[in-house]
$ cat work.txt   # compact mmCIF, C-alpha atoms
# COMPACT_ATOMS: atom_id res chain seq x y z
CA MET A 1 -15.22 8.32 50.59
CA THR A 2 -11.80 8.59 49.06
CA LYS A 3 -10.91 5.18 50.44
CA ILE A 4 -13.89 3.47 48.81
CA VAL A 5 -13.13 5.09 45.47
CA LEU A 6 -9.52 4.01 45.83
CA ALA A 7 -10.46 0.43 46.58
CA GLU A 8 -12.65 0.32 43.50
CA ALA A 9 -10.39 2.27 41.24
CA LEU A 10 -7.13 0.50 41.86
CA PRO A 11 -8.23 -2.97 40.74
CA ARG A 12 -9.90 -1.36 37.77
CA LYS A 13 -6.66 0.40 36.95
CA ALA A 14 -4.80 -2.90 37.37
CA ILE A 15 -7.22 -4.61 35.00
CA GLU A 16 -6.79 -1.81 32.52
CA LEU A 17 -3.04 -2.22 32.69
CA ILE A 18 -3.29 -5.96 32.07
CA GLU A 19 -5.73 -5.41 29.23
CA ARG A 20 -3.45 -2.82 27.71
CA ARG A 21 -0.50 -5.16 28.01
CA LEU A 22 -2.42 -7.96 26.29
CA PHE A 23 -3.61 -5.54 23.64
CA LEU A 24 -0.06 -4.37 23.00
CA LYS A 25 1.25 -7.92 22.95
CA ARG A 26 -1.37 -8.95 20.41
CA SER A 27 -0.83 -5.94 18.24
CA MET A 28 2.94 -6.37 18.29
CA SER A 29 2.60 -9.68 16.52
CA LEU A 30 0.28 -8.19 13.90
CA GLY A 31 3.09 -7.51 11.49
CA ALA A 32 4.30 -11.07 11.82
CA LEU A 33 0.74 -12.29 11.28
CA ALA A 34 0.38 -10.10 8.25
CA LEU A 35 3.33 -11.90 6.70
CA LEU A 36 1.60 -15.25 7.09
CA SER A 37 -1.41 -15.98 4.98
CA GLY A 38 -4.59 -17.65 6.15
CA CYS A 39 -4.35 -16.61 9.79
CA ASP A 40 -7.81 -16.27 11.26
CA ILE A 41 -7.31 -14.69 14.67
CA THR A 42 -10.37 -12.47 14.62
CA ASP A 43 -9.09 -9.87 17.06
CA SER A 44 -5.95 -9.31 15.10
CA GLU A 45 -7.86 -9.25 11.86
CA SER A 46 -10.22 -6.57 13.14
CA VAL A 47 -7.27 -4.45 14.28
CA GLN A 48 -5.64 -5.08 10.93
CA ARG A 49 -8.82 -4.02 9.14
CA THR A 50 -8.99 -0.82 11.17
CA LEU A 51 -5.39 0.03 10.37
CA MET A 52 -5.95 -0.68 6.67
CA ALA A 53 -9.06 1.54 6.75
CA PHE A 54 -6.91 4.33 8.19
CA SER A 55 -4.32 3.73 5.48
CA LYS A 56 -7.00 4.10 2.79
CA TRP A 57 -8.22 7.26 4.52
CA ASN A 58 -4.62 8.51 4.50
CA ASP A 59 -4.47 7.87 0.73
CA LYS A 60 -7.50 10.16 0.32
CA ALA A 61 -6.11 12.79 2.70
CA GLN A 62 -2.79 12.86 0.85
CA GLY A 63 -4.58 13.12 -2.50
CA LEU A 64 -6.42 16.19 -1.19
CA LEU A 65 -3.23 17.66 0.28
CA PHE A 66 -1.31 17.13 -2.98
CA ASN A 67 -0.74 20.41 -4.80
CA PRO A 68 0.10 19.65 -8.46
CA ASP A 69 2.02 22.94 -8.77
CA LYS A 70 4.10 22.59 -5.60
CA LEU A 71 7.69 21.74 -6.52
CA ALA A 72 10.01 19.66 -4.38
CA PRO A 73 13.02 21.73 -3.24
CA THR A 74 16.02 21.45 -5.59
CA TYR A 75 19.66 21.60 -4.52
CA PRO A 76 23.12 22.48 -5.91
CA GLU A 77 25.51 19.85 -7.34
CA SER A 78 27.59 20.08 -4.16
CA ALA A 79 24.68 18.61 -2.17
CA ILE A 80 24.68 15.29 -4.07
CA THR A 81 25.22 12.29 -1.79
CA ARG A 82 28.27 10.26 -2.87
CA PRO A 83 28.17 7.34 -2.96
CA PHE A 84 24.42 7.30 -3.39
CA PRO A 85 22.95 4.39 -1.35
CA PHE A 86 21.69 1.29 -3.17
CA ASN A 87 18.32 0.07 -1.94
CA ALA A 88 15.98 -2.65 -3.18
CA TYR A 89 13.99 -5.61 -1.87
CA TYR A 90 17.00 -7.80 -2.80
CA ASP A 91 20.76 -7.66 -2.29
CA GLU A 92 23.25 -6.09 -4.65
CA ASP A 93 24.30 -9.44 -6.15
CA GLU A 94 20.75 -9.89 -7.46
CA ILE A 95 20.63 -6.65 -9.46
CA PRO A 96 19.27 -7.54 -12.92
CA ASP A 97 21.78 -7.42 -15.76
CA VAL A 98 19.78 -5.71 -18.50
CA ASP A 99 20.97 -5.75 -22.12
CA GLY A 100 20.24 -2.25 -23.47
CA GLY A 101 20.26 -3.49 -27.07
CA ASN A 102 17.42 -5.93 -26.46
CA TYR A 103 15.51 -3.65 -24.10
CA ARG A 104 11.86 -2.95 -24.98
CA LEU A 105 9.43 -0.79 -23.05
CA GLU A 106 5.88 -2.08 -23.30
CA LEU A 107 2.73 -0.01 -22.89
CA ALA A 108 -0.70 -1.26 -21.84
CA GLY A 109 -4.10 -0.14 -20.64
CA SER A 110 -5.74 3.16 -21.54
CA ILE A 111 -3.03 4.27 -23.96
CA ARG A 112 -3.77 5.06 -27.62
CA ASP A 113 -0.37 4.27 -29.16
CA LYS A 114 0.83 1.04 -27.54
CA ARG A 115 3.84 0.37 -29.76
CA THR A 116 6.90 -0.77 -27.84
CA TRP A 117 9.81 1.60 -27.31
CA ARG A 118 13.50 0.89 -27.84
CA LEU A 119 16.17 2.61 -25.86
CA PRO A 120 17.49 4.98 -28.61
CA ASP A 121 13.92 6.26 -29.18
CA LEU A 122 13.49 6.89 -25.47
CA TYR A 123 16.86 8.68 -25.31
CA ALA A 124 15.70 10.92 -28.19
CA LEU A 125 12.87 12.37 -26.07
CA PRO A 126 13.41 15.84 -24.55
CA GLN A 127 15.20 15.50 -21.22
CA VAL A 128 15.52 17.62 -18.10
CA SER A 129 17.79 17.35 -15.04
CA GLN A 130 16.96 17.91 -11.38
CA ILE A 131 18.76 17.54 -8.06
CA THR A 132 16.28 16.47 -5.42
CA ARG A 133 16.12 14.62 -2.12
CA LEU A 134 15.08 10.98 -2.23
CA ILE A 135 13.40 10.04 1.05
CA CYS A 136 13.21 6.37 1.96
CA VAL A 137 10.22 5.00 3.87
CA GLU A 138 12.84 3.81 6.42
CA GLY A 139 13.57 7.44 7.28
CA TRP A 140 16.96 8.13 5.68
CA SER A 141 17.34 10.49 2.76
CA ALA A 142 19.92 11.10 0.06
CA MET A 143 20.43 13.75 -2.60
CA GLY A 144 20.72 12.75 -6.24
CA LYS A 145 20.77 14.22 -9.73
CA TRP A 146 18.48 12.54 -12.22
CA THR A 147 18.03 13.26 -15.92
CA GLY A 148 15.14 12.06 -18.04
CA VAL A 149 11.92 12.82 -19.84
CA PRO A 150 9.02 14.27 -17.82
CA LEU A 151 6.45 11.48 -17.44
CA ARG A 152 3.71 13.95 -18.41
CA HIS A 153 5.40 14.55 -21.75
CA PHE A 154 5.70 10.80 -22.37
CA LEU A 155 2.09 10.07 -21.37
CA GLU A 156 0.82 12.86 -23.65
CA ARG A 157 3.04 11.66 -26.49
CA VAL A 158 1.67 8.09 -26.39
CA GLY A 159 -1.91 9.29 -25.99
CA ALA A 160 -2.54 8.02 -22.47
CA ASP A 161 -5.96 8.71 -20.95
CA LEU A 162 -4.91 11.46 -18.53
CA SER A 163 -8.27 11.28 -16.79
CA ALA A 164 -7.60 7.69 -15.68
CA LYS A 165 -6.85 7.15 -12.00
CA TYR A 166 -3.60 5.20 -11.96
CA VAL A 167 -0.29 4.76 -13.74
CA GLY A 168 1.29 1.37 -13.05
CA PHE A 169 4.84 0.11 -13.53
CA LYS A 170 6.16 -3.42 -13.98
CA CYS A 171 9.88 -3.96 -13.68
CA LEU A 172 12.55 -6.38 -14.86
CA ASP A 173 13.43 -7.19 -11.23
CA ASP A 174 9.79 -8.33 -10.69
CA TYR A 175 9.10 -5.20 -8.68
CA TYR A 176 5.85 -3.40 -9.39
CA THR A 177 4.14 -0.28 -8.12
CA SER A 178 1.60 2.36 -9.10
CA ILE A 179 0.94 6.06 -8.61
CA ASP A 180 -2.02 8.42 -8.87
CA MET A 181 -2.46 10.32 -12.15
CA ALA A 182 -2.10 13.75 -10.50
CA SER A 183 1.37 12.82 -9.18
CA ALA A 184 2.25 11.23 -12.54
CA LEU A 185 1.57 14.57 -14.24
CA HIS A 186 3.59 16.62 -11.70
CA PRO A 187 6.29 18.63 -13.52
CA GLN A 188 9.13 16.94 -11.57
CA THR A 189 7.98 13.36 -12.19
CA GLN A 190 10.28 11.86 -14.80
CA LEU A 191 11.36 8.67 -16.52
CA ALA A 192 15.06 8.91 -15.66
CA PHE A 193 17.87 7.61 -17.88
CA LYS A 194 20.82 9.15 -16.08
CA PHE A 195 22.14 9.50 -12.58
CA ALA A 196 24.73 12.22 -11.87
CA ASP A 197 25.08 12.89 -15.64
CA ARG A 198 25.92 9.26 -16.44
CA ILE A 199 23.76 6.53 -17.95
CA LEU A 200 21.99 4.84 -15.03
CA PRO A 201 24.23 2.13 -13.63
CA PRO A 202 22.51 -1.23 -12.95
CA GLU A 203 22.22 -0.55 -9.20
CA TYR A 204 20.21 2.63 -9.81
CA GLY A 205 17.85 1.03 -12.33
CA PHE A 206 19.36 0.71 -15.85
CA PRO A 207 18.02 1.47 -18.34
CA MET A 208 15.09 3.48 -17.03
CA ARG A 209 13.54 4.23 -13.67
CA LEU A 210 10.83 6.49 -12.36
CA ARG A 211 12.03 9.49 -10.38
CA ILE A 212 9.22 11.12 -8.44
CA PRO A 213 10.44 13.53 -5.74
CA THR A 214 6.89 14.04 -4.43
CA LYS A 215 6.77 10.44 -3.20
CA LEU A 216 8.84 8.11 -1.01
CA GLY A 217 11.71 6.09 -2.47
CA PHE A 218 9.80 2.83 -2.95
CA LYS A 219 7.44 4.65 -5.32
CA ASN A 220 10.46 5.18 -7.66
CA PRO A 221 10.60 1.81 -9.50
CA LYS A 222 13.81 0.79 -11.30
CA HIS A 223 14.39 -1.27 -14.51
CA ILE A 224 10.91 -0.38 -15.81
CA ALA A 225 9.70 -2.91 -18.41
CA ALA A 226 6.08 -1.85 -18.80
CA ILE A 227 3.90 1.16 -18.10
CA PHE A 228 0.12 0.90 -17.96
CA VAL A 229 -2.73 3.32 -17.38
CA THR A 230 -5.84 2.06 -15.61
CA ASN A 231 -8.80 2.86 -13.39
CA ARG A 232 -8.42 -0.42 -11.48
CA TYR A 233 -6.24 -0.10 -8.37
CA PRO A 234 -2.96 -1.85 -9.27
CA GLY A 235 -1.31 -1.93 -5.81
CA GLY A 236 2.40 -2.61 -5.57
CA TYR A 237 5.09 -4.93 -4.21
CA TRP A 238 5.39 -3.16 -0.83
CA GLU A 239 1.91 -1.63 -0.89
CA ASP A 240 0.31 -5.10 -1.01
CA GLN A 241 2.21 -5.97 2.18
CA GLY A 242 0.89 -3.00 4.13
CA TYR A 243 2.91 0.06 3.13
CA ASN A 244 0.75 3.10 2.49
CA TRP A 245 -0.10 3.30 -1.22
CA PHE A 246 -0.04 7.08 -1.80
CA SER A 247 3.16 7.63 0.23
CA GLY A 248 3.45 11.25 -0.85
CA SER A 249 6.11 13.62 0.41
CA MET B 250 -16.68 22.65 39.90
CA PRO B 251 -14.76 19.40 39.33
CA ILE B 252 -10.97 19.39 39.62
CA HIS B 253 -10.73 18.14 36.06
CA PRO B 254 -13.62 19.14 33.77
CA LEU B 255 -15.10 16.27 31.72
CA LEU B 256 -13.59 17.56 28.46
CA VAL B 257 -10.12 17.67 30.04
CA ARG B 258 -10.52 14.09 31.31
CA ILE B 259 -11.63 12.80 27.90
CA CYS B 260 -8.78 14.63 26.17
CA HIS B 261 -6.29 13.42 28.79
CA TRP B 262 -7.04 9.74 28.20
CA THR B 263 -7.30 9.97 24.42
CA ASN B 264 -4.07 11.99 24.36
CA ALA B 265 -2.44 9.39 26.63
CA ALA B 266 -3.50 6.51 24.38
CA ALA B 267 -2.42 8.37 21.26
CA VAL B 268 0.95 9.39 22.72
CA LEU B 269 1.72 5.81 23.83
CA ALA B 270 0.76 4.43 20.40
CA MET B 271 2.88 7.12 18.73
CA LEU B 272 5.86 6.43 21.03
CA PHE B 273 5.88 2.64 20.65
CA SER B 274 5.23 2.67 16.90
CA GLY B 275 7.67 5.56 16.44
CA TRP B 276 10.43 3.55 18.09
CA ARG B 277 9.91 0.77 15.53
CA ILE B 278 10.09 3.35 12.72
CA TYR B 279 13.27 4.77 14.26
CA ASP B 280 14.78 1.27 14.31
CA ALA B 281 14.40 0.96 10.53
CA SER B 282 17.04 3.66 10.10
CA PRO B 283 18.51 4.71 13.48
CA LEU B 284 19.70 8.31 13.81
CA PHE B 285 22.13 7.33 16.58
CA HIS B 286 24.14 4.27 17.58
CA PHE B 287 21.33 2.44 19.31
CA ARG B 288 18.03 0.73 18.59
CA PHE B 289 14.91 0.42 20.73
CA PRO B 290 14.32 -3.15 21.97
CA LYS B 291 11.80 -4.77 19.67
CA ALA B 292 9.67 -5.89 22.64
CA LEU B 293 9.02 -2.22 23.43
CA THR B 294 7.78 -1.41 19.95
CA LEU B 295 4.38 -1.54 18.29
CA GLY B 296 3.55 -2.79 14.82
CA GLY B 297 5.83 -5.81 14.45
CA TRP B 298 7.66 -4.48 11.41
CA LEU B 299 8.13 -1.16 9.64
CA ALA B 300 4.88 -1.24 7.62
CA GLY B 301 2.83 -2.21 10.68
CA ALA B 302 4.49 0.50 12.79
CA LEU B 303 3.84 3.10 10.09
CA GLN B 304 0.17 2.06 9.95
CA TRP B 305 -0.15 2.57 13.71
CA HIS B 306 1.78 5.85 13.59
CA PHE B 307 -0.26 7.30 10.72
CA ALA B 308 -3.54 6.20 12.33
CA ALA B 309 -2.74 7.40 15.88
CA MET B 310 -1.51 10.74 14.54
CA TRP B 311 -5.08 11.73 13.64
CA LEU B 312 -6.20 10.87 17.18
CA LEU B 313 -3.33 12.84 18.72
CA ALA B 314 -3.74 15.86 16.43
CA SER B 315 -7.52 16.10 16.87
CA SER B 316 -7.66 15.34 20.58
CA GLY B 317 -4.62 17.54 21.18
CA LEU B 318 -6.18 20.41 19.25
CA VAL B 319 -9.43 20.20 21.24
CA TYR B 320 -7.42 20.08 24.50
CA VAL B 321 -5.19 23.05 23.64
CA LEU B 322 -8.05 25.18 22.29
CA TYR B 323 -10.15 24.42 25.37
CA GLY B 324 -7.20 25.09 27.70
CA LEU B 325 -6.44 28.44 26.09
CA LEU B 326 -9.98 29.70 25.46
CA SER B 327 -11.65 28.60 28.71
CA GLY B 328 -8.90 29.99 30.92
CA HIS B 329 -8.16 26.45 32.18
CA TYR B 330 -4.42 26.79 31.48
CA ARG B 331 -4.29 30.27 33.00
CA ARG B 332 -5.99 29.09 36.20
CA ARG B 333 -3.92 25.91 36.56
CA PHE B 334 -0.49 26.81 35.21
CA LEU B 335 -0.18 30.49 36.16
CA PRO B 336 1.36 32.28 37.88
CA LEU B 337 4.66 30.56 37.30
CA THR B 338 8.06 32.17 37.71
CA LEU B 339 11.54 30.82 37.15
CA GLY B 340 12.31 31.73 40.77
CA ALA B 341 9.41 29.60 42.02
CA ILE B 342 10.71 26.61 40.02
CA LEU B 343 14.29 27.07 41.27
CA ARG B 344 13.19 27.56 44.91
CA SER B 345 11.17 24.31 44.84
CA ASP B 346 12.41 21.64 47.24
CA ILE B 347 11.78 18.50 45.20
CA SER B 348 11.84 16.31 48.31
CA HIS B 349 8.91 18.27 49.78
CA LEU B 350 6.58 19.03 46.90
CA SER B 351 2.91 19.47 47.66
CA HIS B 352 0.52 17.30 45.66
CA ARG B 353 -2.91 18.74 46.24
CA PRO B 354 -5.30 17.69 43.47
CA GLY B 355 -6.16 20.68 41.30
CA ASN B 356 -3.45 22.86 42.78
CA TYR B 357 -0.14 22.31 41.04
CA ASN B 358 3.27 23.05 42.52
CA PRO B 359 5.72 25.04 40.36
CA ILE B 360 7.55 21.90 39.14
CA GLN B 361 4.26 20.36 38.02
CA LYS B 362 3.24 23.56 36.26
CA ALA B 363 6.57 23.68 34.42
CA ALA B 364 6.34 19.97 33.53
CA TYR B 365 2.80 20.22 32.15
CA ILE B 366 3.56 23.36 30.14
CA SER B 367 6.71 21.67 28.76
CA ALA B 368 4.75 18.53 27.84
CA ILE B 369 2.14 20.57 25.95
CA LEU B 370 4.84 22.54 24.09
CA LEU B 371 6.78 19.34 23.30
CA ALA B 372 3.61 17.69 21.97
CA ILE B 373 2.99 20.70 19.71
CA ILE B 374 6.59 20.52 18.43
CA LEU B 375 6.17 16.74 17.89
CA VAL B 376 2.99 17.18 15.86
CA LEU B 377 4.48 20.01 13.75
CA SER B 378 7.85 18.31 13.12
CA GLY B 379 5.95 15.07 12.42
CA ALA B 380 3.80 16.86 9.84
CA ALA B 381 7.00 18.20 8.25
CA LEU B 382 8.44 14.65 8.06
CA TRP B 383 5.19 13.28 6.65
CA LYS B 384 4.95 15.99 3.97
CA PRO B 385 8.41 17.54 3.42
CA VAL B 386 7.37 18.72 -0.07
CA GLN B 387 3.76 19.81 0.43
CA LEU B 388 4.62 21.38 3.81
CA GLN B 389 8.17 22.46 2.89
CA GLU B 390 7.72 25.90 4.49
CA LEU B 391 7.04 24.15 7.80
CA ALA B 392 9.94 21.74 7.23
CA ARG B 393 12.25 24.71 6.63
CA ILE B 394 11.53 25.99 10.15
CA PHE B 395 12.98 22.73 11.50
CA GLY B 396 16.03 22.88 9.21
CA GLY B 397 14.54 20.82 6.37
CA TYR B 398 13.75 17.11 6.33
CA GLU B 399 16.84 15.90 8.20
CA GLY B 400 16.53 18.73 10.72
CA ALA B 401 12.91 17.78 11.35
CA ARG B 402 14.04 14.18 12.04
CA LEU B 403 16.33 15.42 14.82
CA VAL B 404 13.73 17.79 16.28
CA HIS B 405 11.13 14.99 16.18
CA PHE B 406 13.53 12.62 17.96
CA PHE B 407 14.51 15.03 20.74
CA ALA B 408 10.93 16.22 21.32
CA MET B 409 9.96 12.52 21.53
CA SER B 410 12.70 11.98 24.11
CA GLY B 411 11.33 14.86 26.17
CA ILE B 412 7.77 13.49 26.03
CA ALA B 413 9.02 9.98 26.92
CA VAL B 414 10.79 11.31 30.02
CA PHE B 415 7.70 13.33 30.94
CA ALA B 416 5.44 10.28 30.50
CA LEU B 417 7.73 8.12 32.62
CA VAL B 418 7.87 10.63 35.51
CA HIS B 419 4.17 11.47 35.15
CA ILE B 420 3.08 7.80 35.35
CA ALA B 421 5.51 7.11 38.23
CA MET B 422 4.12 10.09 40.19
CA ALA B 423 0.51 9.03 39.53
CA ILE B 424 1.33 5.58 40.92
CA LEU B 425 3.21 7.02 43.92
CA VAL B 426 0.47 9.55 44.71
CA PRO B 427 -2.72 7.75 43.64
CA ARG B 428 -5.03 10.41 45.11
CA THR B 429 -3.98 12.57 42.15
CA LEU B 430 -4.87 9.78 39.72
CA ILE B 431 -8.48 9.22 40.81
CA PRO B 432 -9.75 12.71 39.89
CA MET B 433 -8.55 12.14 36.31
CA PHE B 434 -11.23 9.41 36.14
CA THR B 435 -13.95 10.85 38.35
CA GLY B 436 -13.24 14.55 38.11
CA ARG B 437 -13.38 14.87 41.91
CA ALA B 438 -10.93 14.33 44.76
$ encode --input "work.txt" --output "structure tokens"
Amino acid sequence: MTKIVLAEALPRKAIELIERRLFLKRSMSLGALALLSGCDITDSESVQRTLMAFSKWNDKAQGLLFNPDKLAPTYPESAITRPFPFNAYYDEDEIPDVDGGNYRLELAGSIRDKRTWRLPDLYALPQVSQITRLICVEGWSAMGKWTGVPLRHFLERVGADLSAKYVGFKCLDDYYTSIDMASALHPQTQLAFKFADRILPPEYGFPMRLRIPTKLGFKNPKHIAAIFVTNRYPGGYWEDQGYNWFSGS
Amino acid sequence: MPIHPLLVRICHWTNAAAVLAMLFSGWRIYDASPLFHFRFPKALTLGGWLAGALQWHFAAMWLLASSGLVYVLYGLLSGHYRRRFLPLTLGAILRSDISHLSHRPGNYNPIQKAAYISAILLAIILVLSGAALWKPVQLQELARIFGGYEGARLVHFFAMSGIAVFALVHIAMAILVPRTLIPMFTGRA
């Protein structure tokens, strides 16, 4: 009896192994396929669709898990990482050279007062400092001190529709991203003007970046040129390529 | 009474699939920012690039957590673990002659018992440290147990290493002693 089962089971096992190998091989090239447009390999597309469906489900799960009152741990000055790592989708020699004098912040979408903001007016807003851990989607983390105006304060001040779903950001380095309103209103989410008590240097996002310690690093856009409030999903530079949109910490 | 009850067999294969997906995608995630002075060969990884690997990892984690939870609850509540893994003493493990281990389906030798208990504990540590890495702010109390975010990275890595070694030995043994493999499909020897 055992022998018959063996004879049947072993080839089946062998077939399973081959199938698994093929499956793994196919799926390993998924990322590469995702980078190309117009590929129509149905198998890969169905796997891709399933993974994207899971990613959307993970957005929902993270939204439910998000506690608007839960603060990210804060640390002493001695914990600050020096030098703080530079990270962007481009190299350091492509960091935009922004002229603070000509800088204008534009507002769009469901915002009552859409007048543009100049840097001195932004600096005049009430500011707070916090030392928190920035966690990169790559896995590394670094401790920094950021100073700026709480985003909630700014959104209330300009009359943004706080019941809208998304807050989007467009940047001078052509980066763009968006966050959920609940995270935007979190007490530690800020529009940062300073890093380690100094005006943001170009590599950390002069003149203004988002600092949101409840999300991964790529949800902290630098060189912000425009802020908009909307109910239409705005996506983001990395999010549109497959990174999870919510990416909460 | 089958050697492996149906629920155990279902959980075994879903756990196996989930663990392999987690391992191979996890290695690609590790490669994006290696903790140590080595990278996993790209051919051994799943997802193609970081975003793809993260998608696999964050999809398979639900499979592993749910199937793992069913398996552990069943094992504890039904007495399955007690019957299969106990009694087990340190002396019995140390006295084992690894060149003459018995492999009778459904009756584990002390080394097997220790290996299976270790694998279950490692998987629990992996899921918990992984949850801490996924949500170091929302689950900061959990992260603190592992020494914060960076501590949880190390724990996650070493628990992964343990599971990888277990999986390697486990698969090798199943191939070497196929009569132990069949019951995991059929339930019977």
$ atom_distance --input "work.txt" --atom1 "atom CA of B:Gln387" --atom2 "atom CA of A:Met143"
18.0 Å
$ interface_residues --input "work.txt" --of "chain B" --to "chain A" --cutoff "6 Å" --atoms "all atoms listed in the file" --output "list in words"
Ala281, Ser282, Leu295, Gly296, Gly297, Trp298, Ala300, Gly301, Gln304, Ala308, Lys384, Pro385 and Val386 of chain B
$ atom_distance --input "work.txt" --atom1 "atom CA of A:Ala226" --atom2 "atom CA of A:Gly100"
14.9 Å
$ atom_distance --input "work.txt" --atom1 "atom CA of A:Gly236" --atom2 "atom CA of A:Tyr175"
7.8 Å
$ closest_residue --input "work.txt" --among "B:Ala265, B:Ala408, B:Ile252, B:Leu350" --to "B:Met422" --atoms "all atoms listed in the file"
B:Leu350
$ residues_around --input "work.txt" --residues "B:Ala392" --least-positions-apart "5" --cutoff "10 Å" --atoms "all atoms listed in the file" --output "PyMOL selection string"
chain B and resi 377-387+397-402
